[in-house]
$ cat entry01.cif   # mmCIF, C-alpha atoms and all ligand atoms
data_structure
loop_
_atom_site.group_PDB
_atom_site.id
_atom_site.type_symbol
_atom_site.label_atom_id
_atom_site.label_comp_id
_atom_site.auth_asym_id
_atom_site.auth_seq_id
_atom_site.Cartn_x
_atom_site.Cartn_y
_atom_site.Cartn_z
ATOM 1 C CA MET A 32 42.605 -2.890 -59.718
ATOM 2 C CA ALA A 33 39.754 -3.077 -62.219
ATOM 3 C CA ARG A 34 40.413 -1.778 -65.759
ATOM 4 C CA ILE A 35 37.284 0.362 -65.572
ATOM 5 C CA ILE A 36 38.688 3.841 -64.930
ATOM 6 C CA ASP A 37 37.331 7.383 -65.232
ATOM 7 C CA ARG A 38 33.827 6.128 -66.101
ATOM 8 C CA THR A 39 30.367 6.886 -64.785
ATOM 9 C CA VAL A 40 28.950 3.652 -63.409
ATOM 10 C CA LEU A 41 25.421 3.238 -62.040
ATOM 11 C CA ILE A 42 24.910 0.287 -59.685
ATOM 12 C CA VAL A 43 21.307 -0.525 -58.790
ATOM 13 C CA GLY A 44 21.302 -2.653 -55.630
ATOM 14 C CA ALA A 45 24.564 -1.373 -54.141
ATOM 15 C CA SER A 46 23.789 -1.344 -50.410
ATOM 16 C CA SER A 47 24.959 -4.924 -49.706
ATOM 17 C CA GLY A 48 26.168 -8.200 -51.200
ATOM 18 C CA ILE A 49 27.515 -8.407 -54.741
ATOM 19 C CA GLY A 50 26.564 -4.830 -55.721
ATOM 20 C CA ALA A 51 28.342 -3.254 -52.745
ATOM 21 C CA GLU A 52 31.412 -5.401 -53.415
ATOM 22 C CA VAL A 53 31.486 -4.374 -57.091
ATOM 23 C CA ALA A 54 31.350 -0.714 -55.973
ATOM 24 C CA ARG A 55 34.353 -1.315 -53.688
ATOM 25 C CA ARG A 56 36.314 -2.950 -56.531
ATOM 26 C CA LEU A 57 35.621 -0.053 -58.912
ATOM 27 C CA ALA A 58 36.403 2.620 -56.302
ATOM 28 C CA PRO A 59 40.210 2.822 -56.768
ATOM 29 C CA GLY A 60 39.753 3.508 -60.509
ATOM 30 C CA GLY A 61 38.941 7.209 -60.223
ATOM 31 C CA ASN A 62 35.405 6.510 -61.428
ATOM 32 C CA ARG A 63 32.159 8.345 -60.828
ATOM 33 C CA LEU A 64 29.842 5.895 -59.099
ATOM 34 C CA VAL A 65 26.107 6.345 -58.728
ATOM 35 C CA LEU A 66 24.872 3.909 -56.089
ATOM 36 C CA THR A 67 21.238 3.198 -55.385
ATOM 37 C CA ALA A 68 19.128 0.847 -53.236
ATOM 38 C CA ARG A 69 16.351 1.327 -50.684
ATOM 39 C CA ARG A 70 18.299 1.243 -47.377
ATOM 40 C CA ALA A 71 19.827 4.726 -47.106
ATOM 41 C CA PRO A 72 22.223 4.122 -44.155
ATOM 42 C CA GLU A 73 23.794 0.985 -45.693
ATOM 43 C CA LEU A 74 24.081 2.744 -49.044
ATOM 44 C CA ALA A 75 25.711 5.805 -47.448
ATOM 45 C CA ALA A 76 28.267 3.568 -45.720
ATOM 46 C CA VAL A 77 29.265 1.953 -49.047
ATOM 47 C CA ALA A 78 29.424 5.405 -50.692
ATOM 48 C CA GLN A 79 31.742 6.596 -47.934
ATOM 49 C CA GLU A 80 34.116 3.664 -48.595
ATOM 50 C CA VAL A 81 34.046 4.441 -52.330
ATOM 51 C CA ARG A 82 34.953 8.108 -51.802
ATOM 52 C CA ALA A 83 37.730 7.169 -49.383
ATOM 53 C CA ALA A 84 39.172 4.806 -52.034
ATOM 54 C CA GLY A 85 39.325 7.474 -54.747
ATOM 55 C CA SER A 86 36.083 7.704 -56.765
ATOM 56 C CA ASP A 87 33.394 10.355 -56.795
ATOM 57 C CA CYS A 88 30.114 8.936 -55.562
ATOM 58 C CA LEU A 89 26.459 9.899 -55.576
ATOM 59 C CA ASP A 90 24.241 7.736 -53.368
ATOM 60 C CA ILE A 91 20.498 7.898 -53.883
ATOM 61 C CA ALA A 92 18.003 5.898 -51.819
ATOM 62 C CA ALA A 93 15.258 4.770 -54.219
ATOM 63 C CA ASP A 94 12.932 1.826 -54.743
ATOM 64 C CA ALA A 95 13.538 0.151 -58.121
ATOM 65 C CA LEU A 96 9.918 -1.047 -58.060
ATOM 66 C CA ASP A 97 8.869 2.572 -58.658
ATOM 67 C CA PRO A 98 9.329 3.453 -62.374
ATOM 68 C CA GLN A 99 9.410 7.215 -61.709
ATOM 69 C CA ALA A 100 11.991 6.810 -58.947
ATOM 70 C CA ALA A 101 14.181 4.752 -61.305
ATOM 71 C CA ALA A 102 13.881 7.352 -64.088
ATOM 72 C CA ASP A 103 14.761 10.059 -61.544
ATOM 73 C CA VAL A 104 17.931 8.175 -60.515
ATOM 74 C CA VAL A 105 19.072 7.957 -64.158
ATOM 75 C CA ALA A 106 18.293 11.674 -64.635
ATOM 76 C CA ALA A 107 20.182 12.570 -61.428
ATOM 77 C CA ALA A 108 23.235 10.600 -62.609
ATOM 78 C CA VAL A 109 23.227 12.482 -65.915
ATOM 79 C CA THR A 110 22.726 15.861 -64.215
ATOM 80 C CA GLU A 111 25.625 15.178 -61.849
ATOM 81 C CA TYR A 112 28.102 13.510 -64.222
ATOM 82 C CA GLY A 113 26.843 14.146 -67.778
ATOM 83 C CA SER A 114 26.414 10.493 -68.864
ATOM 84 C CA VAL A 115 25.986 6.908 -67.707
ATOM 85 C CA ASP A 116 28.743 4.801 -69.293
ATOM 86 C CA VAL A 117 28.030 1.525 -67.478
ATOM 87 C CA ALA A 118 24.931 0.388 -65.586
ATOM 88 C CA LEU A 119 24.805 -2.739 -63.441
ATOM 89 C CA LEU A 120 21.191 -3.695 -62.733
ATOM 90 C CA ASN A 121 21.799 -5.871 -59.700
ATOM 91 C CA ALA A 122 18.651 -5.560 -57.548
ATOM 92 C CA GLY A 123 16.853 -8.828 -57.005
ATOM 93 C CA GLN A 124 16.233 -11.652 -54.561
ATOM 94 C CA GLY A 125 15.178 -15.290 -54.621
ATOM 95 C CA PRO A 126 13.763 -16.742 -51.415
ATOM 96 C CA ASP A 127 13.173 -20.464 -50.962
ATOM 97 C CA MET A 128 9.639 -21.110 -52.307
ATOM 98 C CA SER A 129 7.986 -24.460 -52.962
ATOM 99 C CA MET A 130 5.329 -24.504 -55.656
ATOM 100 C CA ASP A 131 2.794 -26.253 -53.396
ATOM 101 C CA GLN A 132 3.111 -23.512 -50.795
ATOM 102 C CA VAL A 133 3.306 -20.246 -52.736
ATOM 103 C CA SER A 134 0.364 -17.918 -53.209
ATOM 104 C CA VAL A 135 -0.407 -16.175 -56.487
ATOM 105 C CA ALA A 136 0.654 -12.946 -54.773
ATOM 106 C CA ASP A 137 4.048 -14.499 -53.843
ATOM 107 C CA VAL A 138 4.758 -15.367 -57.471
ATOM 108 C CA SER A 139 3.783 -11.855 -58.627
ATOM 109 C CA ARG A 140 5.947 -10.291 -55.923
ATOM 110 C CA ILE A 141 9.028 -12.302 -56.929
ATOM 111 C CA MET A 142 8.404 -11.401 -60.569
ATOM 112 C CA ALA A 143 8.320 -7.712 -59.613
ATOM 113 C CA LEU A 144 11.415 -7.990 -57.399
ATOM 114 C CA ASN A 145 13.483 -9.581 -60.181
ATOM 115 C CA TYR A 146 11.893 -8.457 -63.457
ATOM 116 C CA ASP A 147 10.090 -5.129 -62.943
ATOM 117 C CA VAL A 148 13.173 -3.720 -61.195
ATOM 118 C CA VAL A 149 15.129 -4.423 -64.397
ATOM 119 C CA VAL A 150 12.497 -2.981 -66.743
ATOM 120 C CA ASN A 151 12.176 0.198 -64.675
ATOM 121 C CA TYR A 152 15.860 1.019 -65.251
ATOM 122 C CA LEU A 153 16.277 -0.554 -68.686
ATOM 123 C CA VAL A 154 13.827 1.802 -70.398
ATOM 124 C CA PRO A 155 15.240 5.151 -69.189
ATOM 125 C CA LEU A 156 18.818 3.892 -69.605
ATOM 126 C CA ILE A 157 18.200 2.896 -73.229
ATOM 127 C CA ALA A 158 16.683 6.338 -73.886
ATOM 128 C CA ARG A 159 19.700 8.028 -72.319
ATOM 129 C CA MET A 160 22.451 5.834 -73.798
ATOM 130 C CA GLY A 161 20.873 6.076 -77.252
ATOM 131 C CA SER A 162 21.724 9.780 -77.227
ATOM 132 C CA GLN A 163 25.306 9.299 -75.980
ATOM 133 C CA ARG A 164 28.090 9.341 -78.581
ATOM 134 C CA ASP A 165 29.625 6.099 -77.235
ATOM 135 C CA GLY A 166 26.343 4.412 -76.306
ATOM 136 C CA GLY A 167 26.914 2.474 -73.098
ATOM 137 C CA LEU A 168 26.915 -0.913 -71.377
ATOM 138 C CA ILE A 169 23.879 -2.247 -69.509
ATOM 139 C CA ALA A 170 24.661 -5.336 -67.442
ATOM 140 C CA HIS A 171 22.160 -7.360 -65.454
ATOM 141 C CA THR A 172 22.911 -9.644 -62.513
ATOM 142 C CA ASN A 173 20.861 -12.620 -63.598
ATOM 143 C CA SER A 174 21.493 -16.124 -62.132
ATOM 144 C CA LEU A 175 22.303 -19.655 -63.228
ATOM 145 C CA ALA A 176 18.817 -20.293 -61.768
ATOM 146 C CA GLY A 177 17.494 -18.254 -64.711
ATOM 147 C CA LEU A 178 18.652 -20.927 -67.156
ATOM 148 C CA MET A 179 16.271 -23.636 -65.936
ATOM 149 C CA GLY A 180 13.392 -24.106 -63.501
ATOM 150 C CA LEU A 181 15.067 -25.070 -60.236
ATOM 151 C CA PRO A 182 13.113 -26.761 -57.434
ATOM 152 C CA ARG A 183 12.158 -24.369 -54.566
ATOM 153 C CA GLN A 184 13.221 -21.486 -56.847
ATOM 154 C CA GLY A 185 10.397 -21.581 -59.419
ATOM 155 C CA PRO A 186 9.168 -17.950 -59.265
ATOM 156 C CA TYR A 187 12.770 -16.670 -59.101
ATOM 157 C CA SER A 188 13.929 -18.890 -61.993
ATOM 158 C CA ALA A 189 10.959 -17.702 -64.059
ATOM 159 C CA ALA A 190 11.576 -14.005 -63.331
ATOM 160 C CA LYS A 191 15.301 -14.208 -64.104
ATOM 161 C CA SER A 192 14.566 -16.148 -67.280
ATOM 162 C CA ALA A 193 12.140 -13.422 -68.413
ATOM 163 C CA ALA A 194 14.750 -10.746 -67.739
ATOM 164 C CA ARG A 195 17.348 -12.637 -69.752
ATOM 165 C CA THR A 196 15.001 -12.882 -72.723
ATOM 166 C CA LEU A 197 14.174 -9.170 -72.596
ATOM 167 C CA VAL A 198 17.866 -8.265 -72.451
ATOM 168 C CA ASP A 199 18.602 -10.642 -75.355
ATOM 169 C CA SER A 200 16.054 -8.802 -77.533
ATOM 170 C CA ALA A 201 17.434 -5.399 -76.543
ATOM 171 C CA ARG A 202 20.987 -6.522 -77.397
ATOM 172 C CA VAL A 203 20.036 -7.454 -80.953
ATOM 173 C CA GLU A 204 17.969 -4.319 -81.551
ATOM 174 C CA LEU A 205 20.296 -1.754 -80.034
ATOM 175 C CA ALA A 206 23.756 -2.880 -81.159
ATOM 176 C CA PRO A 207 23.640 -0.419 -84.103
ATOM 177 C CA ARG A 208 23.186 2.429 -81.602
ATOM 178 C CA GLY A 209 26.218 1.411 -79.546
ATOM 179 C CA ILE A 210 24.291 0.079 -76.548
ATOM 180 C CA ARG A 211 25.785 -3.203 -75.338
ATOM 181 C CA PHE A 212 24.132 -5.711 -72.981
ATOM 182 C CA THR A 213 25.670 -8.319 -70.694
ATOM 183 C CA SER A 214 23.688 -10.870 -68.665
ATOM 184 C CA ILE A 215 25.709 -12.143 -65.724
ATOM 185 C CA HIS A 216 24.755 -15.533 -64.279
ATOM 186 C CA PRO A 217 26.270 -16.319 -60.863
ATOM 187 C CA GLY A 218 25.848 -19.627 -59.081
ATOM 188 C CA PHE A 219 25.521 -19.610 -55.286
ATOM 189 C CA VAL A 220 27.196 -16.622 -53.612
ATOM 190 C CA ALA A 221 27.629 -16.389 -49.820
ATOM 191 C CA THR A 222 25.874 -13.065 -49.200
ATOM 192 C CA ASP A 223 24.072 -12.229 -45.946
ATOM 193 C CA ARG A 224 20.629 -12.320 -47.576
ATOM 194 C CA ILE A 225 20.759 -16.015 -48.515
ATOM 195 C CA SER A 226 22.921 -17.382 -45.688
ATOM 196 C CA GLY A 227 19.997 -18.701 -43.640
ATOM 197 C CA ASP A 228 17.513 -19.762 -46.315
ATOM 198 C CA GLY A 229 18.069 -23.507 -45.866
ATOM 199 C CA LEU A 230 18.738 -24.252 -49.529
ATOM 200 C CA PRO A 231 21.679 -26.502 -50.446
ATOM 201 C CA LYS A 232 24.390 -24.417 -52.128
ATOM 202 C CA PRO A 233 26.857 -26.570 -54.076
ATOM 203 C CA PHE A 234 30.069 -24.819 -55.211
ATOM 204 C CA GLN A 235 29.166 -21.622 -53.323
ATOM 205 C CA ILE A 236 31.674 -18.765 -53.753
ATOM 206 C CA SER A 237 32.320 -15.666 -51.639
ATOM 207 C CA GLN A 238 30.849 -12.286 -52.535
ATOM 208 C CA GLU A 239 34.409 -11.023 -53.171
ATOM 209 C CA GLN A 240 34.948 -13.798 -55.751
ATOM 210 C CA ALA A 241 31.558 -13.028 -57.297
ATOM 211 C CA ALA A 242 32.381 -9.313 -57.559
ATOM 212 C CA ARG A 243 35.656 -10.161 -59.326
ATOM 213 C CA HIS A 244 33.699 -12.152 -61.920
ATOM 214 C CA VAL A 245 31.149 -9.354 -62.311
ATOM 215 C CA VAL A 246 33.816 -6.681 -62.815
ATOM 216 C CA ARG A 247 35.568 -8.890 -65.387
ATOM 217 C CA ALA A 248 32.249 -9.149 -67.245
ATOM 218 C CA LEU A 249 31.867 -5.341 -67.136
ATOM 219 C CA GLU A 250 35.371 -5.027 -68.610
ATOM 220 C CA ARG A 251 34.990 -7.665 -71.353
ATOM 221 C CA GLU A 252 31.296 -7.224 -72.113
ATOM 222 C CA PRO A 253 30.388 -10.792 -73.167
ATOM 223 C CA ALA A 254 26.710 -11.274 -74.060
ATOM 224 C CA GLN A 255 26.452 -13.872 -71.272
ATOM 225 C CA ALA A 256 28.807 -14.547 -68.349
ATOM 226 C CA TYR A 257 28.513 -17.707 -66.215
ATOM 227 C CA PHE A 258 30.323 -18.540 -62.953
ATOM 228 C CA PRO A 259 31.652 -20.397 -61.061
ATOM 229 C CA TRP A 260 32.531 -22.959 -63.693
ATOM 230 C CA PRO A 261 31.533 -26.129 -61.731
ATOM 231 C CA THR A 262 27.965 -24.839 -61.200
ATOM 232 C CA ALA A 263 27.787 -23.526 -64.761
ATOM 233 C CA ALA A 264 28.952 -26.923 -66.077
ATOM 234 C CA LEU A 265 26.388 -28.692 -63.865
ATOM 235 C CA VAL A 266 23.563 -26.507 -65.199
ATOM 236 C CA ARG A 267 24.709 -26.995 -68.809
ATOM 237 C CA THR A 268 24.804 -30.768 -68.285
ATOM 238 C CA LEU A 269 21.352 -30.803 -66.681
ATOM 239 C CA ARG A 270 19.938 -28.803 -69.599
ATOM 240 C CA ALA A 271 21.361 -31.321 -72.057
ATOM 241 C CA LEU A 272 19.887 -34.360 -70.255
ATOM 242 C CA PRO A 273 16.435 -35.808 -71.043
ATOM 243 C CA THR A 274 13.857 -34.140 -68.761
ATOM 244 C CA PRO A 275 13.061 -37.231 -66.597
ATOM 245 C CA LEU A 276 16.757 -37.635 -65.853
ATOM 246 C CA SER A 277 17.452 -33.936 -65.124
ATOM 247 C CA SER A 278 14.303 -33.795 -62.936
ATOM 248 C CA ALA A 279 15.508 -36.775 -60.897
ATOM 249 C CA VAL A 280 18.953 -35.190 -60.398
ATOM 250 C CA LEU A 281 17.428 -31.813 -59.454
ATOM 251 C CA ARG A 282 15.062 -33.459 -56.949
ATOM 252 C CA ARG A 283 18.024 -35.186 -55.348
ATOM 253 C CA LEU A 284 20.129 -31.996 -55.252
ATOM 254 C CA ALA A 285 17.217 -30.130 -53.632
ATOM 255 C CA GLY A 286 16.990 -32.824 -50.983
ATOM 256 C CA GLY A 287 13.605 -34.120 -52.140
HETATM 257 N N1 LIG B 301 23.609 -14.586 -53.595
HETATM 258 C C1 LIG B 301 23.437 -15.491 -54.556
HETATM 259 O O1 LIG B 301 23.643 -16.704 -54.334
HETATM 260 C C2 LIG B 301 23.018 -15.061 -55.951
HETATM 261 C C3 LIG B 301 23.150 -16.005 -56.983
HETATM 262 C C4 LIG B 301 22.780 -15.648 -58.268
HETATM 263 C C5 LIG B 301 22.296 -14.373 -58.514
HETATM 264 N N2 LIG B 301 22.172 -13.482 -57.494
HETATM 265 C C6 LIG B 301 21.637 -12.164 -57.810
HETATM 266 O O2 LIG B 301 22.586 -11.193 -57.439
HETATM 267 C C7 LIG B 301 21.934 -9.953 -57.158
HETATM 268 C C8 LIG B 301 22.463 -9.404 -55.851
HETATM 269 O O3 LIG B 301 22.086 -10.275 -54.802
HETATM 270 P P1 LIG B 301 22.936 -10.457 -53.465
HETATM 271 O O4 LIG B 301 23.041 -11.913 -53.235
HETATM 272 O O5 LIG B 301 24.140 -9.618 -53.491
HETATM 273 O O6 LIG B 301 21.876 -9.978 -52.363
HETATM 274 P P2 LIG B 301 21.649 -8.622 -51.578
HETATM 275 O O7 LIG B 301 22.782 -8.357 -50.666
HETATM 276 O O8 LIG B 301 20.288 -8.735 -51.004
HETATM 277 O O9 LIG B 301 21.669 -7.513 -52.717
HETATM 278 C C9 LIG B 301 20.517 -7.072 -53.360
HETATM 279 C C10 LIG B 301 20.650 -5.586 -53.559
HETATM 280 O O10 LIG B 301 19.514 -5.138 -54.287
HETATM 281 C C11 LIG B 301 18.888 -4.111 -53.548
HETATM 282 N N3 LIG B 301 17.460 -4.144 -53.832
HETATM 283 C C12 LIG B 301 16.604 -5.176 -53.659
HETATM 284 N N4 LIG B 301 15.365 -4.803 -53.994
HETATM 285 C C13 LIG B 301 15.445 -3.490 -54.378
HETATM 286 C C14 LIG B 301 14.503 -2.541 -54.803
HETATM 287 N N5 LIG B 301 13.196 -2.821 -54.906
HETATM 288 N N6 LIG B 301 14.922 -1.294 -55.094
HETATM 289 C C15 LIG B 301 16.237 -0.967 -54.982
HETATM 290 N N7 LIG B 301 17.174 -1.835 -54.578
HETATM 291 C C16 LIG B 301 16.776 -3.077 -54.270
HETATM 292 C C17 LIG B 301 19.235 -4.381 -52.098
HETATM 293 O O11 LIG B 301 19.224 -3.214 -51.312
HETATM 294 P P3 LIG B 301 18.022 -2.669 -50.420
HETATM 295 O O12 LIG B 301 17.458 -3.818 -49.671
HETATM 296 O O13 LIG B 301 18.729 -1.651 -49.570
HETATM 297 O O14 LIG B 301 17.062 -2.037 -51.365
HETATM 298 C C18 LIG B 301 20.677 -4.838 -52.248
HETATM 299 O O15 LIG B 301 21.536 -3.723 -52.349
HETATM 300 C C19 LIG B 301 20.437 -10.269 -57.158
HETATM 301 O O16 LIG B 301 19.863 -9.863 -58.386
HETATM 302 C C20 LIG B 301 20.383 -11.775 -57.031
HETATM 303 O O17 LIG B 301 19.224 -12.318 -57.620
HETATM 304 C C21 LIG B 301 22.527 -13.797 -56.215
#
$ encode --input "entry01.cif" --output "structure tokens" --more "lines below"
Ligand SMILES: NC(=O)c1ccc[n+]([C@@H]2O[C@H](COP(=O)([O-])OP(=O)(O)OC[C@H]3O[C@@H](n4cnc5c(N)ncnc54)[C@H](OP(=O)(O)O)[C@@H]3O)[C@@H](O)[C@H]2O)c1
Amino acid sequence: MARIIDRTVLIVGASSGIGAEVARRLAPGGNRLVLTARRAPELAAVAQEVRAAGSDCLDIAADALDPQAAADVVAAAVTEYGSVDVALLNAGQGPDMSMDQVSVADVSRIMALNYDVVVNYLVPLIARMGSQRDGGLIAHTNSLAGLMGLPRQGPYSAAKSAARTLVDSARVELAPRGIRFTSIHPGFVATDRISGDGLPKPFQISQEQAARHVVRALEREPAQAYFPWPTAALVRTLRALPTPLSSAVLRRLAGG
């Protein structure tokens, strides 16, 4: 069982994949979970599992692209449970996209789906946690793809990279007020959403394994968490190589 017990935890993007699995792992801890995503039936099904496993749960269907809807979710969590102790900003997606085929609108859409959804929760959460005696933890599900521009993942890599930078600034500024920030960088995770996208997925892990890593990061609160180690080591090595060499390796890995 996770060591997070008797806490109010907001998970944005909890209707499927990693977010839903994290909710299931936190459920036996007698927590108060606030789950949100757009698909109400899927979200309600996860909430039902959480309640059955021993945590209180509020499920709210809301689009994280809407700043007012995000602020309303944070307000509803506080009204229901009095605080938000931990927030996992997990909404995001990264479809296969080659740079010679994307439109300008595609790039903007991926930026919104991976960056705006973070900003829309970050701002009201900082306002709320700043007034809480113990501050709070804001974690973001970033990606190892946010550490470098991967082929066929350009708009996604760029959006995740921007989110990491924003979170890094917030961490430095807000430490004195007790607000902590963790960026979590998974490698490939076998969730339904990406199973048919045609991208090669070296060292892919299951969503259960990914959720274990995420919960450990929520417990230990490192500034950055990277997993699984083979993919993290590969990315670190590629970043250390001269650009012509790393580009050649990346082209090969992407099947180009
Ligand atoms: N799978 C991987 O290989 C992998 C690797 C590295 C990082 N990640 C990151 O991990 C996170 C979770 O992804 P996943 O693989 O678990 O995929 P997923 O099953 O598609 O989970 C994404 C979650 O975010 C929600 N979401 C998406 N857009 C939203 C919006 N506008 N408003 C509210 N909720 C929204 C989705 O629910 P609704 O559709 O119901 O709104 C869903 O609950 C993402 O940030 C992704 O970038 C994934």
$ closest_atom_pairs --input "entry01.cif" --of "chain A" --to "ligand LIG 301 (chain B)" --cutoff "8 Å" --atoms "only C-alpha atoms and all ligand atoms" --output "tab-separated table"
residue	atom	partner	partner_atom	distance
A:Val43	CA	B:LIG301	N7	6.0
A:Gly44	CA	B:LIG301	O10	3.3
A:Ala45	CA	B:LIG301	O15	4.2
A:Ser46	CA	B:LIG301	O15	3.8
A:Ser47	CA	B:LIG301	O7	4.2
A:Gly48	CA	B:LIG301	O5	3.4
A:Ile49	CA	B:LIG301	O5	3.8
A:Gly50	CA	B:LIG301	O5	5.8
A:Ala51	CA	B:LIG301	O15	6.8
A:Thr67	CA	B:LIG301	N7	6.5
A:Ala68	CA	B:LIG301	N7	3.6
A:Arg69	CA	B:LIG301	O14	3.5
A:Arg70	CA	B:LIG301	O13	3.7
A:Ala71	CA	B:LIG301	O13	6.9
A:Glu73	CA	B:LIG301	O13	6.9
A:Leu74	CA	B:LIG301	O13	6.9
A:Ala92	CA	B:LIG301	C15	7.8
A:Ala93	CA	B:LIG301	C15	5.9
A:Asp94	CA	B:LIG301	N6	3.7
A:Ala95	CA	B:LIG301	N6	3.6
A:Leu96	CA	B:LIG301	N5	4.9
A:Asp97	CA	B:LIG301	N5	7.9
A:Leu120	CA	B:LIG301	O16	7.7
A:Asn121	CA	B:LIG301	O16	4.6
A:Ala122	CA	B:LIG301	O10	3.4
A:Gly123	CA	B:LIG301	O16	3.5
A:Gln124	CA	B:LIG301	O17	4.3
A:Gly125	CA	B:LIG301	O17	5.8
A:Leu144	CA	B:LIG301	N5	6.0
A:Asn145	CA	B:LIG301	O16	6.6
A:Val148	CA	B:LIG301	N5	6.4
A:His171	CA	B:LIG301	O16	7.8
A:Thr172	CA	B:LIG301	O16	5.1
A:Asn173	CA	B:LIG301	C5	5.6
A:Ser174	CA	B:LIG301	C5	4.1
A:Leu175	CA	B:LIG301	C4	6.4
A:Ala176	CA	B:LIG301	C4	7.0
A:Tyr187	CA	B:LIG301	O17	7.9
A:Lys191	CA	B:LIG301	O17	7.8
A:His216	CA	B:LIG301	C4	6.3
A:Pro217	CA	B:LIG301	C4	4.4
A:Gly218	CA	B:LIG301	C3	5.0
A:Phe219	CA	B:LIG301	O1	3.6
A:Val220	CA	B:LIG301	O1	3.6
A:Ala221	CA	B:LIG301	N1	5.8
A:Thr222	CA	B:LIG301	O4	5.1
A:Asp223	CA	B:LIG301	O7	6.2
A:Arg224	CA	B:LIG301	O8	5.0
A:Ile225	CA	B:LIG301	N1	6.0
A:Gln235	CA	B:LIG301	O1	7.5
A:Gln238	CA	B:LIG301	O5	7.3
$ closest_residue --input "entry01.cif" --among "A:Leu249, A:Val117, A:Leu178, A:Met130" --to "A:Arg159" --atoms "only C-alpha atoms"
A:Val117
$ atom_distance --input "entry01.cif" --atom1 "atom CA of A:Gly161" --atom2 "atom CA of A:Ala206"
10.2 Å
$ axis_aligned_box --input "entry01.cif" --around "stretch 217-233 of chain A" --padding-each-side "8 Å" --output "JSON"
{"center_x": 22.6, "center_y": -19.4, "center_z": -52.3, "size_x": 26.1, "size_y": 30.3, "size_z": 33.2}
$ closest_atom_pairs --input "entry01.cif" --of "stretch 187-247 of chain A" --to "stretch 132-143 of chain A" --cutoff "12 Å" --atoms "all atoms listed in the file" --output "JSON lines"
{"residue": "A:Tyr187", "atom": "CA", "partner": "A:Ile141", "partner_atom": "CA", "distance": 6.1}
{"residue": "A:Ser188", "atom": "CA", "partner": "A:Met142", "partner_atom": "CA", "distance": 9.4}
{"residue": "A:Ala189", "atom": "CA", "partner": "A:Met142", "partner_atom": "CA", "distance": 7.6}
{"residue": "A:Ala190", "atom": "CA", "partner": "A:Met142", "partner_atom": "CA", "distance": 4.9}
{"residue": "A:Lys191", "atom": "CA", "partner": "A:Met142", "partner_atom": "CA", "distance": 8.2}
{"residue": "A:Ser192", "atom": "CA", "partner": "A:Met142", "partner_atom": "CA", "distance": 10.3}
{"residue": "A:Ala193", "atom": "CA", "partner": "A:Met142", "partner_atom": "CA", "distance": 8.9}
{"residue": "A:Ala194", "atom": "CA", "partner": "A:Met142", "partner_atom": "CA", "distance": 9.6}
$ closest_residue --input "entry01.cif" --among "A:Ala100, A:Leu119, A:Cys88, A:Met128" --to "A:Ile169" --atoms "all atoms listed in the file"
A:Leu119
$ closest_residue --input "entry01.cif" --among "A:Ser86, A:Gln79, A:Thr262, A:Thr213" --to "A:Ser200" --atoms "all atoms listed in the file"
A:Thr213
$ atom_distance --input "entry01.cif" --atom1 "atom CA of A:Leu156" --atom2 "atom CA of A:Glu250"
18.8 Å
$ resolve_selection --input "entry01.cif" --expression "the PyMOL selection byres (((chain A and resi 257) around 7) and not hetatm)" --output "VMD selection string"
chain A and resid 215 to 217 255 to 256 258 to 259 263
$ resolve_selection --input "entry01.cif" --expression "the PyMOL selection byres (((chain A and resi 112) around 12) and not hetatm)" --output "ChimeraX atom specification"
/A:37-41,62-65,87-89,105-111,113-116
$ closest_residue --input "entry01.cif" --among "A:Leu281, A:Leu153, A:Leu168, A:Leu66" --to "A:Ala248" --atoms "all atoms listed in the file"
A:Leu168
$ atom_distance --input "entry01.cif" --atom1 "atom CA of A:Ala54" --atom2 "atom CA of A:Glu80"
9.0 Å
$ closest_residue --input "entry01.cif" --among "A:Val246, A:Thr274, A:Arg183, A:Ile157" --to "A:Phe212" --atoms "only C-alpha atoms"
A:Ile157
$ closest_residue --input "entry01.cif" --among "A:Val150, A:Pro207, A:Leu57, A:Met179" --to "A:Thr268" --atoms "only C-alpha atoms"
A:Met179
$ residues_around --input "entry01.cif" --residues "A:Asp165" --least-positions-apart "2" --cutoff "7 Å" --atoms "all atoms listed in the file" --output "list in words"
Gln163, Gly167 and Gly209 of chain A
$ write_last_selection --input "entry01.cif" --atoms "C-alpha atoms" --output "compact mmCIF listing (two decimals), in the frame of the given file"
# COMPACT_ATOMS: atom_id res chain seq x y z
CA GLN A 163 25.31 9.30 -75.98
CA GLY A 167 26.91 2.47 -73.10
CA GLY A 209 26.22 1.41 -79.55
